[in-house]
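Each remark here refers to the structure printed beneath this line.
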Amino acid sequence: MKEQLQTLEKEAIEKVNGTTNLKEIQEVQVTYLGRKGSITEVLRGMGKLSKEERPVIGELANKVRTTIQSAIDKKKEKLEQEELEKQLLKETIDVTLPGRPVNFGGKHILTSIIEEIEDLFIGLGYEVREGPEVETDYFNFEALNLPKGHPARDMQDSFYITNELLLRTHTSPVQARTMRTLDGNEPIRMICPGKVYRRDNDDATHSHQFTQIEGLYVDRNVRMSDLKGTLNLFAKKLFGEDREIRFRPSFFPFTEPSVEMDISCKVCSGKGCSVCKQTGWIEILGSGMVHPKVLEMAGYDPEVYTGFAFGMGPDRIAMLKYGIDDIRRFYTDDVRFLKQFHEA
C-alpha cells in the first residue's frame with residue numbers, strides 16, 4: 001500500500017505538470033483526490049492492515065494528498081493567470097486611436113432669447129424672480145385690478161383646475177406676490193420670465209402655451225419717461241442701435257396710463273413693407289404705469305410710490321429677430337429647425 005501511494009503521488013504530479021488548461025487540471029484533481037479517486041480506492045484497503053501499520057499509512061496518505069493538492073493549486077493559479085493575460089491581450093484598447101465624435105446639444109432658441117433679455121435687465125439692476133405656474137384666481141386676476149366678472153378677463157379665458165385655481169395666464173402674479181412680501185416698504189426692480197397658458201387656437205402666431213417676460217419697477221418718483229428710456233435701451237440692445245420706438249395708447253386693467261410699444265421695421269427701415277403691413281412699425285410689447293389700485297392692494301401707498309410695468313413674449317421677439325414665420329416651430333422639436341440657432 002505504501003508503494004501504491006508513492007506511485008500515485010508520482011503519477012499525479014506528472015499529470016499536473018502536463019496539464020495545459022483549467023479543465024484538465026480539474027480532471028486530475030477528481031481522478032486522484034475525488035471521493036472515488038485513486039487515493040481513496042487505495043485507502044479502502046487499510047482495514048486489512050495491522051494496528052501498527054495503520055498510523056504509518058494514514059500519515060503517508062495525508063502527506064501524498066497534501067503534496068498533490070499543493071501541486072494542483074500552484075498549477076491552477078498559473079493557468080488562471082495565463083488565461084487572464086490572454087483575455088486582456090484580446091480585449092486591449094488602443095487609447096491612441098481617436099474617439100467617436102460626441103454630439104453636443106445646444107440651448108433652445110427661446111432659452112437663448114430669455115437669457116439675453118435677463119442679462120440686459122440684470123445689467124440695469126433688475127433681479128429675476130419666478131413664481132408658480134398653477135396660480136390662484138386672486139393673484140392671477142383680483143390682485144391685478146381684475147375682479148370677478150370683469151370683462152377684461154375674457155381676453156385671458158384660461159385653463160381652470162378649480163373655481164379658484166388655474167394655470168396662470170401671465171407672469172404678472174409674480175409681481176403681485178413680490179410686492180406683497182415687501183409690505184409696501186421697499187423699492188422693487190424685477191423681471192419674471194416663465195410659461196403662461198391661455199385657451200387659444202394654435203396657429204402661426206398663437207399658442208395655448210407660450211413664454212412671457214414681465215418687468216416691474218416701483219419706487220418714489222418713477223415716471224413715464226423712465227419707462228420709455230428703459231424700453232428704448234432694451235429695443236436698441238436686442239434689435240440694433242438703429243431701431244426706433246413709439247408708444248401708442250392702449251388699455252390694461254393693471255396699468256394707467258397704458259401703452260403698446262412698437263419698434264421700427266428692420267426689413268424696410270420704417271419705410272413700409274409686407275412684414276410691417278406697410279406701416280413701418282411692428283408691435284413688440286405692452287406697458288404702462290402701475291395702476292394705483294394694484295399698488296394699494298399690494299400694500300404700497302400710491303401717494304408715495306409709483307411704478308411702471310411691461311410685458312413681452314420671447315416667442316414673438318425671437319420670431320421678429322430671426323425671421324421665424326410660425327410660433328409652432330418652437331414647440332414641435334424639429335431638430336433641423338432648432339440646430340440653426342445653437343450658435344445664434
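Labels used: A, B, ... for chains in the order of the C-alpha cells, numbers from 1 for residues in each chain, and numbers from 1 for ligands as shown.
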Exercise for the section: Would you kindly return, as a list of chain:residue names, each protein, DNA or RNA residue with an atom no farther than 12 Å from any atom of Glu142 of chain A, considering only C-alpha atoms and excluding same-chain residues fewer than 6 positions away? Expected result: A:Glu135, A:Thr136, A:Lys148, A:Gly149, A:His150, A:Ala152, A:Arg153, A:Glu164, A:Ser172, A:Pro173, A:Ala176, A:Pro253, A:Phe254, A:Lys293, A:Val294, A:Met297, A:Ala298
Handout entry: Those in segment 88-297 of chain A with alpha helix (DSSP H) from DSSP, as a PyMOL selection string
Key = chain A and resi 88-90+109-123+137-140+172-181+224-239+292-297
Please, could you write that set of residues out with N, CA and C atoms as a short mmCIF file (atom, residue, chain, number, x, y, z; two decimals), in the first residue's frame?
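Written file, result_22.cif:
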data_model
loop_
_atom_site.label_atom_id
_atom_site.label_comp_id
_atom_site.auth_asym_id
_atom_site.auth_seq_id
_atom_site.Cartn_x
_atom_site.Cartn_y
_atom_site.Cartn_z
N LEU A 88 -6.90 39.69 -21.49
CA LEU A 88 -6.54 41.10 -21.50
C LEU A 88 -5.91 41.50 -22.83
N LEU A 89 -5.06 40.60 -23.36
CA LEU A 89 -4.43 40.88 -24.64
C LEU A 89 -5.46 40.96 -25.76
N LYS A 90 -6.46 40.09 -25.66
CA LYS A 90 -7.51 40.05 -26.67
C LYS A 90 -8.39 41.29 -26.61
N ILE A 109 -33.78 78.01 -28.79
CA ILE A 109 -33.76 79.41 -29.18
C ILE A 109 -34.51 80.29 -28.19
N LEU A 110 -35.62 79.78 -27.61
CA LEU A 110 -36.34 80.58 -26.62
C LEU A 110 -35.53 80.77 -25.34
N THR A 111 -34.81 79.73 -24.96
CA THR A 111 -33.94 79.85 -23.78
C THR A 111 -32.87 80.90 -24.02
N SER A 112 -32.29 80.92 -25.20
CA SER A 112 -31.25 81.90 -25.52
C SER A 112 -31.81 83.32 -25.49
N ILE A 113 -33.01 83.52 -26.04
CA ILE A 113 -33.63 84.84 -26.04
C ILE A 113 -33.93 85.30 -24.62
N ILE A 114 -34.50 84.39 -23.81
CA ILE A 114 -34.82 84.74 -22.42
C ILE A 114 -33.56 85.11 -21.66
N GLU A 115 -32.49 84.34 -21.83
CA GLU A 115 -31.24 84.65 -21.12
C GLU A 115 -30.65 85.96 -21.60
N GLU A 116 -30.78 86.25 -22.87
CA GLU A 116 -30.28 87.52 -23.39
C GLU A 116 -31.03 88.70 -22.76
N ILE A 117 -32.34 88.56 -22.64
CA ILE A 117 -33.15 89.62 -22.02
C ILE A 117 -32.82 89.73 -20.53
N GLU A 118 -32.67 88.56 -19.87
CA GLU A 118 -32.32 88.58 -18.45
C GLU A 118 -30.99 89.30 -18.23
N ASP A 119 -30.00 88.99 -19.04
CA ASP A 119 -28.68 89.62 -18.89
C ASP A 119 -28.78 91.13 -19.04
N LEU A 120 -29.61 91.58 -19.99
CA LEU A 120 -29.77 93.01 -20.21
C LEU A 120 -30.34 93.69 -18.97
N PHE A 121 -31.42 93.13 -18.43
CA PHE A 121 -32.07 93.79 -17.30
C PHE A 121 -31.31 93.59 -16.00
N ILE A 122 -30.59 92.49 -15.86
CA ILE A 122 -29.72 92.34 -14.68
C ILE A 122 -28.66 93.44 -14.69
N GLY A 123 -28.16 93.76 -15.88
CA GLY A 123 -27.19 94.85 -16.01
C GLY A 123 -27.77 96.20 -15.63
N ASP A 137 -56.85 82.39 -8.35
CA ASP A 137 -57.62 83.40 -9.06
C ASP A 137 -57.30 84.78 -8.51
N TYR A 138 -57.06 84.86 -7.21
CA TYR A 138 -56.80 86.16 -6.60
C TYR A 138 -55.54 86.80 -7.19
N PHE A 139 -54.41 86.09 -7.17
CA PHE A 139 -53.17 86.69 -7.64
C PHE A 139 -53.14 86.82 -9.17
N ASN A 140 -53.82 85.91 -9.87
CA ASN A 140 -53.81 85.98 -11.33
C ASN A 140 -54.69 87.11 -11.86
N SER A 172 -47.63 88.19 -14.42
CA SER A 172 -47.92 89.31 -13.51
C SER A 172 -48.16 88.87 -12.07
N PRO A 173 -48.74 87.68 -11.80
CA PRO A 173 -48.91 87.27 -10.40
C PRO A 173 -47.60 87.26 -9.61
N VAL A 174 -46.48 87.03 -10.29
CA VAL A 174 -45.19 87.06 -9.59
C VAL A 174 -44.92 88.47 -9.07
N GLN A 175 -45.32 89.48 -9.84
CA GLN A 175 -45.15 90.87 -9.40
C GLN A 175 -46.00 91.13 -8.17
N ALA A 176 -47.27 90.68 -8.23
CA ALA A 176 -48.18 90.91 -7.09
C ALA A 176 -47.66 90.21 -5.84
N ARG A 177 -47.19 88.98 -6.01
CA ARG A 177 -46.67 88.23 -4.86
C ARG A 177 -45.43 88.92 -4.29
N THR A 178 -44.55 89.40 -5.16
CA THR A 178 -43.33 90.05 -4.69
C THR A 178 -43.64 91.33 -3.92
N MET A 179 -44.54 92.15 -4.46
CA MET A 179 -44.91 93.37 -3.75
C MET A 179 -45.52 93.06 -2.39
N ARG A 180 -46.33 92.00 -2.35
CA ARG A 180 -46.97 91.63 -1.08
C ARG A 180 -45.93 91.23 -0.03
N THR A 181 -44.87 90.53 -0.43
CA THR A 181 -43.86 90.07 0.53
C THR A 181 -43.05 91.24 1.10
N MET A 224 -43.17 108.15 -16.41
CA MET A 224 -43.36 107.55 -17.73
C MET A 224 -42.09 107.66 -18.55
N SER A 225 -41.35 108.72 -18.37
CA SER A 225 -40.10 108.89 -19.11
C SER A 225 -39.08 107.83 -18.74
N ASP A 226 -39.11 107.35 -17.48
CA ASP A 226 -38.22 106.26 -17.07
C ASP A 226 -38.57 104.98 -17.83
N LEU A 227 -39.88 104.74 -17.99
CA LEU A 227 -40.33 103.57 -18.74
C LEU A 227 -39.85 103.65 -20.18
N LYS A 228 -40.05 104.80 -20.82
CA LYS A 228 -39.67 104.94 -22.21
C LYS A 228 -38.16 104.81 -22.40
N GLY A 229 -37.39 105.38 -21.50
CA GLY A 229 -35.93 105.27 -21.60
C GLY A 229 -35.46 103.83 -21.44
N THR A 230 -36.09 103.10 -20.51
CA THR A 230 -35.71 101.69 -20.29
C THR A 230 -36.03 100.84 -21.52
N LEU A 231 -37.25 101.03 -22.06
CA LEU A 231 -37.65 100.20 -23.21
C LEU A 231 -36.92 100.61 -24.48
N ASN A 232 -36.53 101.87 -24.59
CA ASN A 232 -35.74 102.30 -25.74
C ASN A 232 -34.38 101.62 -25.73
N LEU A 233 -33.77 101.54 -24.55
CA LEU A 233 -32.49 100.85 -24.42
C LEU A 233 -32.65 99.37 -24.73
N PHE A 234 -33.72 98.76 -24.23
CA PHE A 234 -34.00 97.36 -24.48
C PHE A 234 -34.10 97.08 -25.99
N ALA A 235 -34.86 97.92 -26.70
CA ALA A 235 -35.06 97.71 -28.14
C ALA A 235 -33.77 97.83 -28.92
N LYS A 236 -32.95 98.79 -28.58
CA LYS A 236 -31.70 99.00 -29.31
C LYS A 236 -30.69 97.88 -29.03
N LYS A 237 -30.65 97.41 -27.80
CA LYS A 237 -29.72 96.34 -27.47
C LYS A 237 -30.13 95.01 -28.11
N LEU A 238 -31.44 94.77 -28.23
CA LEU A 238 -31.90 93.49 -28.72
C LEU A 238 -32.05 93.47 -30.24
N PHE A 239 -32.44 94.59 -30.82
CA PHE A 239 -32.73 94.60 -32.25
C PHE A 239 -31.79 95.47 -33.08
N PRO A 292 -52.81 102.65 -9.54
CA PRO A 292 -52.79 102.91 -8.09
C PRO A 292 -53.49 101.83 -7.27
N LYS A 293 -54.56 101.23 -7.81
CA LYS A 293 -55.26 100.18 -7.06
C LYS A 293 -54.38 98.95 -6.88
N VAL A 294 -53.58 98.63 -7.91
CA VAL A 294 -52.67 97.48 -7.81
C VAL A 294 -51.63 97.74 -6.72
N LEU A 295 -51.10 98.95 -6.68
CA LEU A 295 -50.14 99.30 -5.63
C LEU A 295 -50.78 99.22 -4.25
N GLU A 296 -51.98 99.74 -4.15
CA GLU A 296 -52.66 99.77 -2.86
C GLU A 296 -52.98 98.36 -2.36
N MET A 297 -53.46 97.48 -3.26
CA MET A 297 -53.77 96.10 -2.85
C MET A 297 -52.52 95.34 -2.44
#
Problem - Option closest in space to Tyr126 of chain A, from A:Glu214, A:Glu303, A:Glu24, A:Asp315 [counting only C-alpha atoms] - result: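 Nearest candidate to Tyr126 of chain A out of A:Glu214, A:Glu303, A:Glu24, A:Asp315: A:Glu214.
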Problem - Spatial neighbours of Glu9 of chain A, max dist 12 Å, only C-alpha atoms, sep filter under 4 positions, as a PyMOL selection string - result: chain A and resi 2-5+13-16+28-29+31-33+38-39+60-72
Export of the given selection (N, CA and C atoms) as a PDB file, in the first residue's frame:
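Result written to selection.pdb:
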ATOM      1  N   LYS A   2       1.991   1.174   0.692  1.00  0.00           N
ATOM      2  CA  LYS A   2       2.905   2.302   0.727  1.00  0.00           C
ATOM      3  C   LYS A   2       3.432   2.604  -0.667  1.00  0.00           C
ATOM      4  N   GLU A   3       3.791   1.549  -1.371  1.00  0.00           N
ATOM      5  CA  GLU A   3       4.311   1.721  -2.726  1.00  0.00           C
ATOM      6  C   GLU A   3       3.242   2.266  -3.659  1.00  0.00           C
ATOM      7  N   GLN A   4       1.999   1.802  -3.458  1.00  0.00           N
ATOM      8  CA  GLN A   4       0.900   2.303  -4.291  1.00  0.00           C
ATOM      9  C   GLN A   4       0.704   3.812  -4.124  1.00  0.00           C
ATOM     10  N   LEU A   5       0.752   4.241  -2.859  1.00  0.00           N
ATOM     11  CA  LEU A   5       0.573   5.677  -2.586  1.00  0.00           C
ATOM     12  C   LEU A   5       1.703   6.489  -3.209  1.00  0.00           C
ATOM     13  N   ILE A  13       1.655  14.049  -9.910  1.00  0.00           N
ATOM     14  CA  ILE A  13       2.500  15.230 -10.119  1.00  0.00           C
ATOM     15  C   ILE A  13       2.841  15.377 -11.594  1.00  0.00           C
ATOM     16  N   GLU A  14       3.135  14.240 -12.249  1.00  0.00           N
ATOM     17  CA  GLU A  14       3.476  14.283 -13.681  1.00  0.00           C
ATOM     18  C   GLU A  14       2.295  14.792 -14.518  1.00  0.00           C
ATOM     19  N   LYS A  15       1.078  14.310 -14.158  1.00  0.00           N
ATOM     20  CA  LYS A  15      -0.106  14.736 -14.911  1.00  0.00           C
ATOM     21  C   LYS A  15      -0.427  16.211 -14.647  1.00  0.00           C
ATOM     22  N   VAL A  16      -0.220  16.621 -13.394  1.00  0.00           N
ATOM     23  CA  VAL A  16      -0.451  18.049 -13.086  1.00  0.00           C
ATOM     24  C   VAL A  16       0.469  18.917 -13.928  1.00  0.00           C
ATOM     25  N   VAL A  28      -7.671  16.073 -13.290  1.00  0.00           N
ATOM     26  CA  VAL A  28      -6.620  15.434 -12.483  1.00  0.00           C
ATOM     27  C   VAL A  28      -7.025  15.410 -11.019  1.00  0.00           C
ATOM     28  N   GLN A  29      -7.598  16.512 -10.545  1.00  0.00           N
ATOM     29  CA  GLN A  29      -7.997  16.594  -9.142  1.00  0.00           C
ATOM     30  C   GLN A  29      -9.077  15.558  -8.818  1.00  0.00           C
ATOM     31  N   THR A  31      -9.626  12.773 -10.483  1.00  0.00           N
ATOM     32  CA  THR A  31      -9.085  11.425 -10.668  1.00  0.00           C
ATOM     33  C   THR A  31      -8.313  10.941  -9.446  1.00  0.00           C
ATOM     34  N   TYR A  32      -7.557  11.816  -8.813  1.00  0.00           N
ATOM     35  CA  TYR A  32      -6.677  11.377  -7.708  1.00  0.00           C
ATOM     36  C   TYR A  32      -7.225  11.740  -6.326  1.00  0.00           C
ATOM     37  N   LEU A  33      -7.932  12.860  -6.198  1.00  0.00           N
ATOM     38  CA  LEU A  33      -8.360  13.298  -4.863  1.00  0.00           C
ATOM     39  C   LEU A  33      -9.868  13.266  -4.666  1.00  0.00           C
ATOM     40  N   SER A  38      -8.299   7.707  -7.039  1.00  0.00           N
ATOM     41  CA  SER A  38      -7.327   6.610  -6.857  1.00  0.00           C
ATOM     42  C   SER A  38      -6.868   6.474  -5.428  1.00  0.00           C
ATOM     43  N   ILE A  39      -6.584   7.586  -4.768  1.00  0.00           N
ATOM     44  CA  ILE A  39      -6.079   7.506  -3.390  1.00  0.00           C
ATOM     45  C   ILE A  39      -7.160   6.966  -2.471  1.00  0.00           C
ATOM     46  N   LEU A  60       1.159   8.811   5.738  1.00  0.00           N
ATOM     47  CA  LEU A  60       1.697   8.888   4.381  1.00  0.00           C
ATOM     48  C   LEU A  60       0.607   9.328   3.398  1.00  0.00           C
ATOM     49  N   ALA A  61      -0.617   8.805   3.600  1.00  0.00           N
ATOM     50  CA  ALA A  61      -1.717   9.161   2.697  1.00  0.00           C
ATOM     51  C   ALA A  61      -2.023  10.666   2.773  1.00  0.00           C
ATOM     52  N   ASN A  62      -2.018  11.181   4.014  1.00  0.00           N
ATOM     53  CA  ASN A  62      -2.274  12.631   4.178  1.00  0.00           C
ATOM     54  C   ASN A  62      -1.177  13.468   3.529  1.00  0.00           C
ATOM     55  N   LYS A  63       0.040  12.979   3.629  1.00  0.00           N
ATOM     56  CA  LYS A  63       1.163  13.693   3.034  1.00  0.00           C
ATOM     57  C   LYS A  63       1.043  13.697   1.511  1.00  0.00           C
ATOM     58  N   VAL A  64       0.678  12.536   0.949  1.00  0.00           N
ATOM     59  CA  VAL A  64       0.510  12.430  -0.506  1.00  0.00           C
ATOM     60  C   VAL A  64      -0.605  13.355  -0.986  1.00  0.00           C
ATOM     61  N   ARG A  65      -1.745  13.354  -0.250  1.00  0.00           N
ATOM     62  CA  ARG A  65      -2.857  14.239  -0.609  1.00  0.00           C
ATOM     63  C   ARG A  65      -2.403  15.710  -0.611  1.00  0.00           C
ATOM     64  N   THR A  66      -1.706  16.095   0.446  1.00  0.00           N
ATOM     65  CA  THR A  66      -1.264  17.482   0.579  1.00  0.00           C
ATOM     66  C   THR A  66      -0.329  17.865  -0.559  1.00  0.00           C
ATOM     67  N   THR A  67       0.597  16.952  -0.895  1.00  0.00           N
ATOM     68  CA  THR A  67       1.561  17.223  -1.970  1.00  0.00           C
ATOM     69  C   THR A  67       0.856  17.409  -3.309  1.00  0.00           C
ATOM     70  N   ILE A  68      -0.075  16.477  -3.596  1.00  0.00           N
ATOM     71  CA  ILE A  68      -0.801  16.559  -4.868  1.00  0.00           C
ATOM     72  C   ILE A  68      -1.656  17.833  -4.928  1.00  0.00           C
ATOM     73  N   GLN A  69      -2.378  18.131  -3.805  1.00  0.00           N
ATOM     74  CA  GLN A  69      -3.243  19.313  -3.781  1.00  0.00           C
ATOM     75  C   GLN A  69      -2.432  20.600  -3.951  1.00  0.00           C
ATOM     76  N   SER A  70      -1.262  20.620  -3.328  1.00  0.00           N
ATOM     77  CA  SER A  70      -0.400  21.798  -3.443  1.00  0.00           C
ATOM     78  C   SER A  70       0.056  22.002  -4.884  1.00  0.00           C
ATOM     79  N   ALA A  71       0.418  20.891  -5.547  1.00  0.00           N
ATOM     80  CA  ALA A  71       0.839  20.967  -6.949  1.00  0.00           C
ATOM     81  C   ALA A  71      -0.319  21.433  -7.834  1.00  0.00           C
ATOM     82  N   ILE A  72      -1.527  20.916  -7.537  1.00  0.00           N
ATOM     83  CA  ILE A  72      -2.713  21.326  -8.311  1.00  0.00           C
ATOM     84  C   ILE A  72      -2.989  22.814  -8.137  1.00  0.00           C
TER      85      ILE A  72
END
